[in-house]
Every structure is written in structure tokens, then in C-alpha cells.
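Asker: Take a look at final.pdb, PDB, C-alpha atoms, pLDDT in the B column:
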```pdb
ATOM      1  CA  MET A  10      48.522 135.404  92.665  1.00 45.00           C
ATOM      2  CA  ALA A  11      46.662 132.658  94.555  1.00 45.00           C
ATOM      3  CA  LYS A  12      48.056 130.032  92.227  1.00 45.00           C
ATOM      4  CA  SER A  13      51.586 131.323  92.686  1.00 46.00           C
ATOM      5  CA  SER A  14      51.192 131.325  96.484  1.00 47.00           C
ATOM      6  CA  THR A  15      49.894 127.742  96.484  1.00 46.00           C
ATOM      7  CA  THR A  16      52.869 126.573  94.449  1.00 47.00           C
ATOM      8  CA  ALA A  17      55.309 128.235  96.823  1.00 46.00           C
ATOM      9  CA  ASP A  18      53.577 126.677  99.842  1.00 49.00           C
ATOM     10  CA  THR A  19      53.771 123.232  98.241  1.00 46.00           C
ATOM     11  CA  LYS A  20      57.495 123.585  97.545  1.00 46.00           C
ATOM     12  CA  SER A  21      58.089 124.724 101.118  1.00 47.00           C
ATOM     13  CA  GLU A  22      56.196 121.753 102.535  1.00 47.00           C
ATOM     14  CA  THR A  23      58.105 119.326 100.301  1.00 46.00           C
ATOM     15  CA  ALA A  24      61.446 120.739 101.443  1.00 46.00           C
ATOM     16  CA  HIS A  25      60.377 120.485 105.077  1.00 47.00           C
ATOM     17  CA  LEU A  26      59.452 116.800 104.656  1.00 43.00           C
ATOM     18  CA  ALA A  27      62.759 116.091 102.976  1.00 45.00           C
ATOM     19  CA  ARG A  28      64.623 117.550 105.968  1.00 47.00           C
ATOM     20  CA  ALA A  29      62.433 115.913 108.615  1.00 47.00           C
ATOM     21  CA  PRO A  30      63.954 112.940 110.498  1.00 47.00           C
ATOM     22  CA  LYS A  31      62.619 109.574 109.456  1.00 48.00           C
ATOM     23  CA  SER A  32      60.161 107.989 111.845  1.00 47.00           C
ATOM     24  CA  PRO A  33      61.024 104.649 113.528  1.00 45.00           C
ATOM     25  CA  ALA A  34      58.479 102.971 111.267  1.00 46.00           C
ATOM     26  CA  SER A  35      60.541 103.950 108.238  1.00 44.00           C
ATOM     27  CA  ARG A  36      63.639 101.975 109.421  1.00 48.00           C
ATOM     28  CA  PRO A  37      62.455  98.353 109.874  1.00 47.00           C
ATOM     29  CA  ALA A  38      64.877  96.853 107.355  1.00 46.00           C
ATOM     30  CA  ARG A  39      67.995  97.767 109.349  1.00 46.00           C
ATOM     31  CA  ARG A  40      66.602  96.335 112.567  1.00 40.00           C
ATOM     32  CA  ARG A  41      65.602  93.123 110.822  1.00 40.00           C
ATOM     33  CA  ALA A  42      69.078  92.715 109.371  1.00 40.00           C
ATOM     34  CA  SER A  43      70.640  93.285 112.784  1.00 39.00           C
ATOM     35  CA  ALA A  44      68.332  90.767 114.424  1.00 36.00           C
ATOM     36  CA  LYS A  45      69.173  88.216 111.743  1.00 38.00           C
ATOM     37  CA  ALA A  46      72.894  88.496 112.477  1.00 48.00           C
ATOM     38  CA  GLU A  47      72.510  87.011 115.960  1.00 55.00           C
ATOM     39  CA  THR A  48      69.985  84.299 116.755  1.00 57.00           C
ATOM     40  CA  PRO A  49      68.147  84.861 120.049  1.00 60.00           C
ATOM     41  CA  TYR A  50      68.053  81.926 122.464  1.00 59.00           C
ATOM     42  CA  HIS A  51      66.477  81.484 125.827  1.00 55.00           C
ATOM     43  CA  HIS A  52      69.177  81.307 128.487  1.00 54.00           C
ATOM     44  CA  GLY A  53      68.765  77.567 129.073  1.00 61.00           C
ATOM     45  CA  ALA A  54      68.830  76.723 125.358  1.00 90.00           C
ATOM     46  CA  LEU A  55      71.974  78.611 124.361  1.00 94.00           C
ATOM     47  CA  ARG A  56      74.386  76.069 125.850  1.00 94.00           C
ATOM     48  CA  GLU A  57      72.683  73.229 123.976  1.00 95.00           C
ATOM     49  CA  ALA A  58      72.628  75.284 120.773  1.00 96.00           C
ATOM     50  CA  LEU A  59      76.368  75.917 121.065  1.00 97.00           C
ATOM     51  CA  LEU A  60      77.092  72.208 121.520  1.00 97.00           C
ATOM     52  CA  GLN A  61      74.954  71.333 118.510  1.00 97.00           C
ATOM     53  CA  ALA A  62      76.778  73.980 116.491  1.00 97.00           C
ATOM     54  CA  ALA A  63      80.123  72.595 117.697  1.00 98.00           C
ATOM     55  CA  GLU A  64      79.183  69.107 116.517  1.00 98.00           C
ATOM     56  CA  ARG A  65      78.247  70.429 113.070  1.00 98.00           C
ATOM     57  CA  VAL A  66      81.547  72.310 112.792  1.00 98.00           C
ATOM     58  CA  LEU A  67      83.495  69.250 113.973  1.00 97.00           C
ATOM     59  CA  GLU A  68      81.923  66.878 111.451  1.00 97.00           C
ATOM     60  CA  ARG A  69      82.161  69.401 108.613  1.00 97.00           C
ATOM     61  CA  ASP A  70      85.563  71.020 109.222  1.00 97.00           C
ATOM     62  CA  GLY A  71      87.366  68.551 111.485  1.00 95.00           C
ATOM     63  CA  LEU A  72      89.020  69.159 114.821  1.00 94.00           C
ATOM     64  CA  GLY A  73      91.353  71.728 113.286  1.00 93.00           C
ATOM     65  CA  GLY A  74      88.380  73.891 112.310  1.00 96.00           C
ATOM     66  CA  LEU A  75      86.697  73.660 115.699  1.00 97.00           C
ATOM     67  CA  THR A  76      87.328  77.009 117.374  1.00 97.00           C
ATOM     68  CA  LEU A  77      85.253  79.120 119.746  1.00 97.00           C
ATOM     69  CA  ARG A  78      84.732  81.739 117.043  1.00 97.00           C
ATOM     70  CA  ALA A  79      83.691  79.110 114.490  1.00 98.00           C
ATOM     71  CA  VAL A  80      81.144  77.686 116.930  1.00 98.00           C
ATOM     72  CA  ALA A  81      79.744  81.137 117.751  1.00 97.00           C
ATOM     73  CA  ARG A  82      79.478  81.923 114.042  1.00 96.00           C
ATOM     74  CA  GLU A  83      77.748  78.593 113.355  1.00 97.00           C
ATOM     75  CA  ALA A  84      75.248  79.210 116.161  1.00 96.00           C
ATOM     76  CA  GLY A  85      74.687  82.830 115.113  1.00 95.00           C
ATOM     77  CA  VAL A  86      75.599  84.326 118.480  1.00 95.00           C
ATOM     78  CA  SER A  87      78.265  86.666 119.814  1.00 94.00           C
ATOM     79  CA  HIS A  88      81.874  85.499 119.974  1.00 92.00           C
ATOM     80  CA  ALA A  89      81.766  85.776 123.768  1.00 94.00           C
ATOM     81  CA  ALA A  90      78.953  83.231 124.180  1.00 95.00           C
ATOM     82  CA  PRO A  91      81.058  80.004 124.046  1.00 96.00           C
ATOM     83  CA  THR A  92      83.569  81.437 126.529  1.00 96.00           C
ATOM     84  CA  HIS A  93      80.776  82.363 128.908  1.00 94.00           C
ATOM     85  CA  HIS A  94      79.368  78.820 128.900  1.00 94.00           C
ATOM     86  CA  PHE A  95      82.507  76.661 128.592  1.00 96.00           C
ATOM     87  CA  GLY A  96      85.426  78.823 129.674  1.00 96.00           C
ATOM     88  CA  ASP A  97      87.797  77.877 126.861  1.00 97.00           C
ATOM     89  CA  LEU A  98      88.138  75.513 123.905  1.00 97.00           C
ATOM     90  CA  THR A  99      89.179  72.603 126.146  1.00 97.00           C
ATOM     91  CA  GLY A 100      85.969  73.046 128.129  1.00 97.00           C
ATOM     92  CA  LEU A 101      83.879  73.091 124.971  1.00 98.00           C
ATOM     93  CA  VAL A 102      85.457  70.022 123.344  1.00 98.00           C
ATOM     94  CA  SER A 103      85.323  68.111 126.648  1.00 98.00           C
ATOM     95  CA  GLU A 104      81.584  68.695 126.957  1.00 98.00           C
ATOM     96  CA  LEU A 105      81.179  67.787 123.293  1.00 98.00           C
ATOM     97  CA  ALA A 106      83.121  64.542 123.815  1.00 98.00           C
ATOM     98  CA  ALA A 107      80.830  63.722 126.747  1.00 98.00           C
ATOM     99  CA  ILE A 108      77.862  63.974 124.381  1.00 98.00           C
ATOM    100  CA  GLY A 109      79.681  61.727 121.938  1.00 98.00           C
ATOM    101  CA  PHE A 110      80.294  59.062 124.575  1.00 98.00           C
ATOM    102  CA  ARG A 111      76.624  59.167 125.628  1.00 98.00           C
ATOM    103  CA  GLN A 112      75.482  58.752 122.018  1.00 97.00           C
ATOM    104  CA  PHE A 113      78.067  56.000 121.536  1.00 98.00           C
ATOM    105  CA  ASN A 114      76.949  54.142 124.665  1.00 97.00           C
ATOM    106  CA  ALA A 115      73.273  54.445 123.742  1.00 98.00           C
ATOM    107  CA  ALA A 116      73.901  53.055 120.248  1.00 98.00           C
ATOM    108  CA  MET A 117      75.688  50.000 121.623  1.00 97.00           C
ATOM    109  CA  ALA A 118      73.107  49.415 124.359  1.00 97.00           C
ATOM    110  CA  SER A 119      70.289  49.632 121.825  1.00 97.00           C
ATOM    111  CA  ALA A 120      72.020  47.125 119.531  1.00 97.00           C
ATOM    112  CA  CYS A 121      72.529  44.689 122.421  1.00 95.00           C
ATOM    113  CA  ASP A 122      68.900  45.031 123.526  1.00 95.00           C
ATOM    114  CA  ALA A 123      67.720  44.132 120.015  1.00 96.00           C
ATOM    115  CA  ALA A 124      69.836  40.938 119.870  1.00 95.00           C
ATOM    116  CA  THR A 125      67.969  37.667 120.385  1.00 93.00           C
ATOM    117  CA  SER A 126      70.743  35.082 120.721  1.00 91.00           C
ATOM    118  CA  PRO A 127      74.117  34.828 122.486  1.00 89.00           C
ATOM    119  CA  LEU A 128      75.936  35.122 119.140  1.00 91.00           C
ATOM    120  CA  GLU A 129      73.939  38.194 118.116  1.00 93.00           C
ATOM    121  CA  ARG A 130      74.643  39.807 121.484  1.00 91.00           C
ATOM    122  CA  ALA A 131      78.359  39.098 121.144  1.00 91.00           C
ATOM    123  CA  LEU A 132      78.417  40.701 117.700  1.00 95.00           C
ATOM    124  CA  ALA A 133      76.014  43.571 118.428  1.00 96.00           C
ATOM    125  CA  ARG A 134      78.234  45.765 120.577  1.00 96.00           C
ATOM    126  CA  PRO A 135      81.363  45.803 118.369  1.00 97.00           C
ATOM    127  CA  LYS A 136      79.287  46.201 115.208  1.00 97.00           C
ATOM    128  CA  ALA A 137      77.471  49.184 116.749  1.00 98.00           C
ATOM    129  CA  TYR A 138      80.848  50.562 117.862  1.00 98.00           C
ATOM    130  CA  VAL A 139      82.151  50.584 114.288  1.00 98.00           C
ATOM    131  CA  ALA A 140      78.849  51.844 112.851  1.00 97.00           C
ATOM    132  CA  TYR A 141      78.831  54.840 115.206  1.00 98.00           C
ATOM    133  CA  ALA A 142      82.392  55.749 114.212  1.00 98.00           C
ATOM    134  CA  GLN A 143      81.487  55.554 110.521  1.00 97.00           C
ATOM    135  CA  ALA A 144      78.433  57.770 111.027  1.00 97.00           C
ATOM    136  CA  HIS A 145      80.242  60.301 113.266  1.00 97.00           C
ATOM    137  CA  PRO A 146      83.946  60.178 112.371  1.00 97.00           C
ATOM    138  CA  GLY A 147      84.701  63.638 113.737  1.00 97.00           C
ATOM    139  CA  MET A 148      83.045  62.957 117.074  1.00 97.00           C
ATOM    140  CA  TYR A 149      84.637  59.526 117.346  1.00 97.00           C
ATOM    141  CA  GLY A 150      88.073  60.971 116.693  1.00 96.00           C
ATOM    142  CA  LEU A 151      87.531  63.663 119.334  1.00 97.00           C
ATOM    143  CA  MET A 152      86.437  61.135 121.974  1.00 96.00           C
ATOM    144  CA  PHE A 153      89.844  59.469 121.893  1.00 92.00           C
ATOM    145  CA  ARG A 154      91.986  62.598 121.668  1.00 91.00           C
ATOM    146  CA  THR A 155      92.970  62.492 125.339  1.00 90.00           C
ATOM    147  CA  GLU A 156      95.403  65.402 125.040  1.00 92.00           C
ATOM    148  CA  ARG A 157      92.560  67.736 124.002  1.00 92.00           C
ATOM    149  CA  LEU A 158      90.118  66.726 126.732  1.00 97.00           C
ATOM    150  CA  ASP A 159      89.688  67.502 130.416  1.00 97.00           C
ATOM    151  CA  TYR A 160      88.622  64.260 132.083  1.00 95.00           C
ATOM    152  CA  SER A 161      88.216  66.035 135.421  1.00 95.00           C
ATOM    153  CA  ARG A 162      84.945  67.476 134.099  1.00 97.00           C
ATOM    154  CA  PRO A 163      82.191  65.340 135.693  1.00 97.00           C
ATOM    155  CA  SER A 164      80.116  64.929 132.537  1.00 97.00           C
ATOM    156  CA  LEU A 165      83.024  63.578 130.486  1.00 98.00           C
ATOM    157  CA  HIS A 166      84.384  61.385 133.277  1.00 97.00           C
ATOM    158  CA  GLU A 167      80.970  59.816 133.883  1.00 97.00           C
ATOM    159  CA  ALA A 168      80.261  59.192 130.185  1.00 98.00           C
ATOM    160  CA  ALA A 169      83.692  57.653 129.555  1.00 97.00           C
ATOM    161  CA  GLU A 170      83.419  55.453 132.642  1.00 96.00           C
ATOM    162  CA  SER A 171      80.008  54.280 131.487  1.00 96.00           C
ATOM    163  CA  SER A 172      81.523  53.295 128.143  1.00 96.00           C
ATOM    164  CA  PHE A 173      84.252  51.261 129.853  1.00 95.00           C
ATOM    165  CA  ALA A 174      81.692  49.607 132.138  1.00 94.00           C
ATOM    166  CA  GLY A 175      79.679  48.516 129.105  1.00 94.00           C
ATOM    167  CA  LEU A 176      82.771  46.929 127.575  1.00 95.00           C
ATOM    168  CA  ALA A 177      83.701  45.222 130.845  1.00 95.00           C
ATOM    169  CA  ASN A 178      80.172  43.847 131.247  1.00 93.00           C
ATOM    170  CA  ALA A 179      80.200  42.508 127.682  1.00 93.00           C
ATOM    171  CA  ILE A 180      83.508  40.719 128.298  1.00 93.00           C
ATOM    172  CA  GLY A 181      82.196  39.429 131.623  1.00 93.00           C
ATOM    173  CA  ALA A 182      79.127  37.974 129.906  1.00 89.00           C
ATOM    174  CA  MET A 183      81.321  36.222 127.374  1.00 88.00           C
ATOM    175  CA  ARG A 184      83.573  34.865 130.123  1.00 88.00           C
ATOM    176  CA  GLN A 185      80.479  33.996 132.175  1.00 90.00           C
ATOM    177  CA  GLU A 186      81.754  35.844 135.234  1.00 93.00           C
ATOM    178  CA  PRO A 187      81.013  39.217 136.827  1.00 91.00           C
ATOM    179  CA  ILE A 188      83.638  41.877 136.180  1.00 91.00           C
ATOM    180  CA  SER A 189      84.043  44.910 138.428  1.00 80.00           C
ATOM    181  CA  GLY A 190      85.251  48.027 136.669  1.00 71.00           C
ATOM    182  CA  ASP A 191      87.353  48.995 139.692  1.00 82.00           C
ATOM    183  CA  LYS A 192      89.254  45.758 140.315  1.00 90.00           C
ATOM    184  CA  LEU A 193      90.359  43.437 137.510  1.00 94.00           C
ATOM    185  CA  THR A 194      92.360  40.257 137.426  1.00 95.00           C
ATOM    186  CA  ILE A 195      95.161  40.159 134.871  1.00 96.00           C
ATOM    187  CA  GLU A 196      93.117  37.723 132.792  1.00 95.00           C
ATOM    188  CA  GLN A 197      90.097  40.036 132.821  1.00 95.00           C
ATOM    189  CA  GLY A 198      92.224  43.052 131.955  1.00 96.00           C
ATOM    190  CA  ALA A 199      93.836  41.138 129.104  1.00 97.00           C
ATOM    191  CA  ALA A 200      90.438  40.088 127.741  1.00 95.00           C
ATOM    192  CA  ILE A 201      89.136  43.676 127.849  1.00 96.00           C
ATOM    193  CA  ALA A 202      92.276  45.122 126.266  1.00 97.00           C
ATOM    194  CA  ARG A 203      92.261  42.436 123.554  1.00 96.00           C
ATOM    195  CA  ALA A 204      88.644  43.096 122.582  1.00 95.00           C
ATOM    196  CA  TRP A 205      89.028  46.878 122.651  1.00 96.00           C
ATOM    197  CA  SER A 206      92.290  46.804 120.699  1.00 97.00           C
ATOM    198  CA  MET A 207      90.737  44.643 118.010  1.00 97.00           C
ATOM    199  CA  VAL A 208      87.604  46.737 117.491  1.00 97.00           C
ATOM    200  CA  HIS A 209      89.283  50.127 117.883  1.00 98.00           C
ATOM    201  CA  GLY A 210      92.108  49.074 115.581  1.00 97.00           C
ATOM    202  CA  PHE A 211      89.653  47.818 112.956  1.00 98.00           C
ATOM    203  CA  THR A 212      87.707  51.090 113.253  1.00 98.00           C
ATOM    204  CA  MET A 213      90.762  53.285 112.764  1.00 97.00           C
ATOM    205  CA  LEU A 214      91.951  51.253 109.772  1.00 98.00           C
ATOM    206  CA  LEU A 215      88.483  51.523 108.258  1.00 98.00           C
ATOM    207  CA  LEU A 216      88.189  55.293 108.805  1.00 97.00           C
ATOM    208  CA  ASP A 217      91.674  55.848 107.389  1.00 97.00           C
ATOM    209  CA  GLY A 218      90.861  53.794 104.280  1.00 97.00           C
ATOM    210  CA  ARG A 219      93.559  51.268 105.098  1.00 97.00           C
ATOM    211  CA  LEU A 220      91.259  48.235 104.710  1.00 97.00           C
ATOM    212  CA  GLU A 221      90.539  48.914 101.036  1.00 97.00           C
ATOM    213  CA  ASP A 222      93.458  46.742  99.918  1.00 96.00           C
ATOM    214  CA  ILE A 223      92.066  43.742 101.817  1.00 97.00           C
ATOM    215  CA  LEU A 224      88.478  44.346 100.703  1.00 97.00           C
ATOM    216  CA  GLU A 225      89.543  44.549  97.041  1.00 97.00           C
ATOM    217  CA  ARG A 226      91.070  41.067  97.312  1.00 97.00           C
ATOM    218  CA  LEU A 227      87.911  39.516  98.793  1.00 97.00           C
ATOM    219  CA  PRO A 228      84.973  38.176  96.746  1.00 97.00           C
ATOM    220  CA  ASP A 229      83.034  40.901  94.927  1.00 96.00           C
ATOM    221  CA  GLY A 230      80.520  42.670  97.129  1.00 95.00           C
ATOM    222  CA  THR A 231      82.191  41.846 100.441  1.00 97.00           C
ATOM    223  CA  THR A 232      81.662  44.750 102.829  1.00 97.00           C
ATOM    224  CA  ALA A 233      83.662  46.016 105.768  1.00 97.00           C
ATOM    225  CA  GLU A 234      80.813  44.939 108.060  1.00 96.00           C
ATOM    226  CA  GLN A 235      81.035  41.372 106.728  1.00 97.00           C
ATOM    227  CA  LEU A 236      84.789  41.393 107.254  1.00 97.00           C
ATOM    228  CA  LEU A 237      84.289  42.596 110.837  1.00 97.00           C
ATOM    229  CA  GLU A 238      81.669  39.923 111.458  1.00 96.00           C
ATOM    230  CA  ALA A 239      84.060  37.223 110.223  1.00 96.00           C
ATOM    231  CA  ILE A 240      86.751  38.519 112.600  1.00 96.00           C
ATOM    232  CA  LEU A 241      84.329  38.586 115.514  1.00 94.00           C
ATOM    233  CA  LYS A 242      82.961  35.102 114.856  1.00 93.00           C
ATOM    234  CA  SER A 243      86.436  33.620 114.736  1.00 92.00           C
ATOM    235  CA  THR A 244      87.257  35.398 117.998  1.00 88.00           C
ATOM    236  CA  VAL A 245      84.185  34.346 119.993  1.00 83.00           C
ATOM    237  CA  ALA A 246      83.895  30.815 118.625  1.00 73.00           C
ATOM    238  CA  GLY A 247      83.526  28.377 121.495  1.00 68.00           C
ATOM    239  CA  LYS A 248      83.394  31.149 124.124  1.00 71.00           C
ATOM    240  CA  LEU A 249      79.663  31.860 124.176  1.00 72.00           C
ATOM    241  CA  PRO A 250      77.206  30.592 126.789  1.00 66.00           C
ATOM    242  CA  SER A 251      74.799  27.981 125.487  1.00 61.00           C
ATOM    243  CA  THR A 252      71.727  30.121 126.222  1.00 56.00           C
TER     244      THR A 252
END
```
For this file, produce the structure as C-alpha cells.

Answerer:
Amino acid sequence: MAKSSTTADTKSETAHLARAPKSPASRPARRRASAKAETPYHHGALREALLQAAERVLERDGLGGLTLRAVAREAGVSHAAPTHHFGDLTGLVSELAAIGFRQFNAAMASACDAATSPLERALARPKAYVAYAQAHPGMYGLMFRTERLDYSRPSLHEAAESSFAGLANAIGAMRQEPISGDKLTIEQGAAIARAWSMVHGFTMLLLDGRLEDILERLPDGTTAEQLLEAILKSTVAGKLPST
């Protein structure tokens, strides 16, 4: 009888455990999966994380693939996060373009600082211009898509103005005269437009693969950078200061 009673008690206890609610400790896997779906950020870091995610999406999927939802998904946050920080897609791409212009300006300034002769300085800025575009084609393309950007945003306006000032100063140095970004003579404006048109045009032809026909006709091993340097040297010949 005792053995039979013990068996019945054991079965009853097993049934009770089967019906008992699981303790919180028994459900860690679900919480971990949920936490993995959205990456936590400190409040101040989320905006930067979204912009970094936007740049990755832009370079990987192009401007057509750059949406608020794609950025949120890339960053691992809720779909509402980009709207909260940037308002709409125009706000996001405008802030992203501002970052691009700052990177662009820094690359050209660094190249100019490293130059040790007037000729090197004359070549440094346009060569850095083209190199940045090759390294960041998506960002470069966005920076000049005026119809997608809001230039009334202070960050973008300031970064773009800084880029123009750098170009104006470079042309001024070549012409051996100060150039104000606000007031230009027709000759100064023509010199700036000529230099910008040449380098921007070369860059777009290069990114679109339209220079391949010329490069294939040049001596074996000739690179696009060497072609650009030859163009620049022929343009600045006789225009550089002696020191």
C-alpha cells in the first residue's frame, strides 16, 4: 500500500509541475531575441548611428534604395526613429550630404597641406576631389543632387559654402589675388567655373565609365589619375607663382 501511495503522489506532483506557469528565468531566449531585433543606443548616439547607417545604405543600394525604413532597418531601430530625428527623407539626405561635404573638404585640405611645391598644391585639390568621388560614389552623387536636398538647413549650407570657399581660394592662389566668395569679378567667376566644370566633368565621366575608350587608346598602364594630371598640368602651365 505504501508503495502504491508513493507512486500516486509522484504522478500528482508531476502533473502539477506540468501545469505550473513557467518562471521568468525559464524564458530568457525570447527576451534575448527581442533585444537583438532593435539595437539600443544612448539618446545622443542614435542620430549619428542613423547617419552612419544611411551612408552604408547609400553606398550599397544607391539613392533609390535610401529610404527611412531602409535606414531604420540598417541601424536596427524602430521605423519611427529616422522621422523623429530628421523629420522626413529630405531632412535625412540633407544632413547626410552635409557630412559628405565635410569629408570632401577635409580630404582636399589634407592633400593641399601635404603638398610641398606650387605645382603639387595646384594638382592636390583636384586630384583629391576625384579620389573622394571614386571612393564614395554614392555620397558624391548625393551631394550634387540639388533637387533632393534642403539647402536651408544650416549644416548643409555651411558645408557647401565651405567647399566653394576652398575652390575660390585655390583659384585665387593660382591667380595670385584674393578672391571673396561673396563678390566676384567676371574674370574670377569664369576662372572658378572653368576649373570646377573641368574637374566635375572629368569625375562624372570617370564614374560613368565614359573615359574607358580614351584610356584604352593610351599607352599600356596609363591610369585615370595620370590622365587627370596631364589635363591639370596643361591647364596650369605658366600660371603658377614662382614660389

Asker: Let me know the residues the PyMOL selection byres ((chain A and resi 202-218) around 8) catches in the file above, as a list in words.

Answerer: Pro135, Tyr138, Val139, Ala142, Gln143, Pro146, Leu176, Gly198, Ala199, Ala200, Ile201, Arg219, Leu220, Glu221, Ala233 and Leu237 of chain A

Asker: Counting only C-alpha atoms, what are the residues of range 99-135 of chain A within 12 Å of range 67-77 of chain A, and for each of them which pair of atoms is the nearest and at what distance in Å, to one decimal? Sort the table by chain and rising number, as CSV.

Answerer:
```
residue,atom,partner,partner_atom,distance
A:Thr99,CA,A:Leu77,CA,9.9
A:Gly100,CA,A:Leu77,CA,10.4
A:Leu101,CA,A:Leu77,CA,8.1
A:Val102,CA,A:Leu75,CA,8.6
A:Leu105,CA,A:Leu67,CA,9.7
A:Ala106,CA,A:Leu67,CA,10.9
A:Gly109,CA,A:Leu67,CA,11.6
```

Asker: Go through the shown structure with the PyMOL selection byres ((chain A and resi 115) around 12) and write out the matching residues as a PyMOL selection string.

Answerer: chain A and resi 108-114+116-122+134+137-138+141+168+171-172+175

Asker: Just give me the gap between CA of Ile240 in chain A and CA of Arg130 in chain A in Å, one decimal is fine.

Answerer: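 Between CA of Ile240 in chain A and CA of Arg130 in chain A the gap is 15.1 Å.
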
Asker: On this structure, which residues satisfy the PyMOL selection byres ((chain A and resi 153-163) around 9), written as a count of residues only?

Answerer: 17

Asker: How would range 91-99 of chain A look written as a PDB file, in the first residue's frame with all heavy atoms?

Answerer:
```
ATOM      1  N   PRO A  91      14.116  57.426 -37.569  1.00  0.00           N
ATOM      2  CA  PRO A  91      14.611  58.448 -38.508  1.00  0.00           C
ATOM      3  C   PRO A  91      13.684  59.657 -38.613  1.00  0.00           C
ATOM      4  O   PRO A  91      14.148  60.799 -38.704  1.00  0.00           O
ATOM      5  CB  PRO A  91      14.690  57.697 -39.842  1.00  0.00           C
ATOM      6  CG  PRO A  91      14.819  56.260 -39.468  1.00  0.00           C
ATOM      7  CD  PRO A  91      13.979  56.119 -38.236  1.00  0.00           C
ATOM      8  N   THR A  92      12.377  59.421 -38.585  1.00  0.00           N
ATOM      9  CA  THR A  92      11.419  60.526 -38.649  1.00  0.00           C
ATOM     10  C   THR A  92      11.561  61.426 -37.434  1.00  0.00           C
ATOM     11  O   THR A  92      11.509  62.663 -37.543  1.00  0.00           O
ATOM     12  CB  THR A  92       9.978  59.985 -38.729  1.00  0.00           C
ATOM     13  OG1 THR A  92       9.868  59.138 -39.886  1.00  0.00           O
ATOM     14  CG2 THR A  92       8.980  61.119 -38.844  1.00  0.00           C
ATOM     15  N   HIS A  93      11.757  60.830 -36.289  1.00  0.00           N
ATOM     16  CA  HIS A  93      11.901  61.617 -35.057  1.00  0.00           C
ATOM     17  C   HIS A  93      13.111  62.538 -35.130  1.00  0.00           C
ATOM     18  O   HIS A  93      13.056  63.686 -34.681  1.00  0.00           O
ATOM     19  CB  HIS A  93      12.031  60.666 -33.862  1.00  0.00           C
ATOM     20  CG  HIS A  93      12.326  61.361 -32.570  1.00  0.00           C
ATOM     21  ND1 HIS A  93      11.389  62.099 -31.883  1.00  0.00           N
ATOM     22  CD2 HIS A  93      13.473  61.451 -31.845  1.00  0.00           C
ATOM     23  CE1 HIS A  93      11.936  62.615 -30.791  1.00  0.00           C
ATOM     24  NE2 HIS A  93      13.197  62.229 -30.748  1.00  0.00           N
ATOM     25  N   HIS A  94      14.202  62.071 -35.716  1.00  0.00           N
ATOM     26  CA  HIS A  94      15.442  62.857 -35.733  1.00  0.00           C
ATOM     27  C   HIS A  94      15.577  63.777 -36.940  1.00  0.00           C
ATOM     28  O   HIS A  94      16.235  64.822 -36.845  1.00  0.00           O
ATOM     29  CB  HIS A  94      16.652  61.913 -35.676  1.00  0.00           C
ATOM     30  CG  HIS A  94      16.899  61.351 -34.312  1.00  0.00           C
ATOM     31  ND1 HIS A  94      17.644  62.005 -33.363  1.00  0.00           N
ATOM     32  CD2 HIS A  94      16.473  60.199 -33.729  1.00  0.00           C
ATOM     33  CE1 HIS A  94      17.684  61.285 -32.263  1.00  0.00           C
ATOM     34  NE2 HIS A  94      16.985  60.179 -32.454  1.00  0.00           N
ATOM     35  N   PHE A  95      14.970  63.415 -38.086  1.00  0.00           N
ATOM     36  CA  PHE A  95      15.207  64.188 -39.308  1.00  0.00           C
ATOM     37  C   PHE A  95      13.932  64.713 -39.972  1.00  0.00           C
ATOM     38  O   PHE A  95      14.011  65.463 -40.927  1.00  0.00           O
ATOM     39  CB  PHE A  95      15.979  63.332 -40.323  1.00  0.00           C
ATOM     40  CG  PHE A  95      17.278  62.806 -39.775  1.00  0.00           C
ATOM     41  CD1 PHE A  95      17.395  61.487 -39.381  1.00  0.00           C
ATOM     42  CD2 PHE A  95      18.378  63.648 -39.623  1.00  0.00           C
ATOM     43  CE1 PHE A  95      18.584  60.998 -38.857  1.00  0.00           C
ATOM     44  CE2 PHE A  95      19.568  63.170 -39.101  1.00  0.00           C
ATOM     45  CZ  PHE A  95      19.674  61.839 -38.717  1.00  0.00           C
ATOM     46  N   GLY A  96      12.789  64.323 -39.471  1.00  0.00           N
ATOM     47  CA  GLY A  96      11.531  64.808 -39.999  1.00  0.00           C
ATOM     48  C   GLY A  96      11.033  64.013 -41.187  1.00  0.00           C
ATOM     49  O   GLY A  96       9.974  63.408 -41.145  1.00  0.00           O
ATOM     50  N   ASP A  97      11.807  64.002 -42.268  1.00  0.00           N
ATOM     51  CA  ASP A  97      11.424  63.258 -43.465  1.00  0.00           C
ATOM     52  C   ASP A  97      12.687  62.866 -44.223  1.00  0.00           C
ATOM     53  O   ASP A  97      13.811  63.122 -43.759  1.00  0.00           O
ATOM     54  CB  ASP A  97      10.478  64.085 -44.348  1.00  0.00           C
ATOM     55  CG  ASP A  97      11.059  65.441 -44.736  1.00  0.00           C
ATOM     56  OD1 ASP A  97      12.291  65.652 -44.587  1.00  0.00           O
ATOM     57  OD2 ASP A  97      10.300  66.312 -45.198  1.00  0.00           O
ATOM     58  N   LEU A  98      12.509  62.250 -45.390  1.00  0.00           N
ATOM     59  CA  LEU A  98      13.669  61.773 -46.148  1.00  0.00           C
ATOM     60  C   LEU A  98      14.535  62.929 -46.620  1.00  0.00           C
ATOM     61  O   LEU A  98      15.769  62.815 -46.640  1.00  0.00           O
ATOM     62  CB  LEU A  98      13.198  60.941 -47.344  1.00  0.00           C
ATOM     63  CG  LEU A  98      14.296  60.287 -48.177  1.00  0.00           C
ATOM     64  CD1 LEU A  98      15.163  59.366 -47.319  1.00  0.00           C
ATOM     65  CD2 LEU A  98      13.692  59.510 -49.355  1.00  0.00           C
ATOM     66  N   THR A  99      13.926  64.056 -46.997  1.00  0.00           N
ATOM     67  CA  THR A  99      14.712  65.221 -47.410  1.00  0.00           C
ATOM     68  C   THR A  99      15.617  65.687 -46.274  1.00  0.00           C
ATOM     69  O   THR A  99      16.785  66.031 -46.502  1.00  0.00           O
ATOM     70  CB  THR A  99      13.787  66.371 -47.850  1.00  0.00           C
ATOM     71  OG1 THR A  99      13.053  65.964 -49.009  1.00  0.00           O
ATOM     72  CG2 THR A  99      14.590  67.624 -48.186  1.00  0.00           C
TER      73      THR A  99
END
```
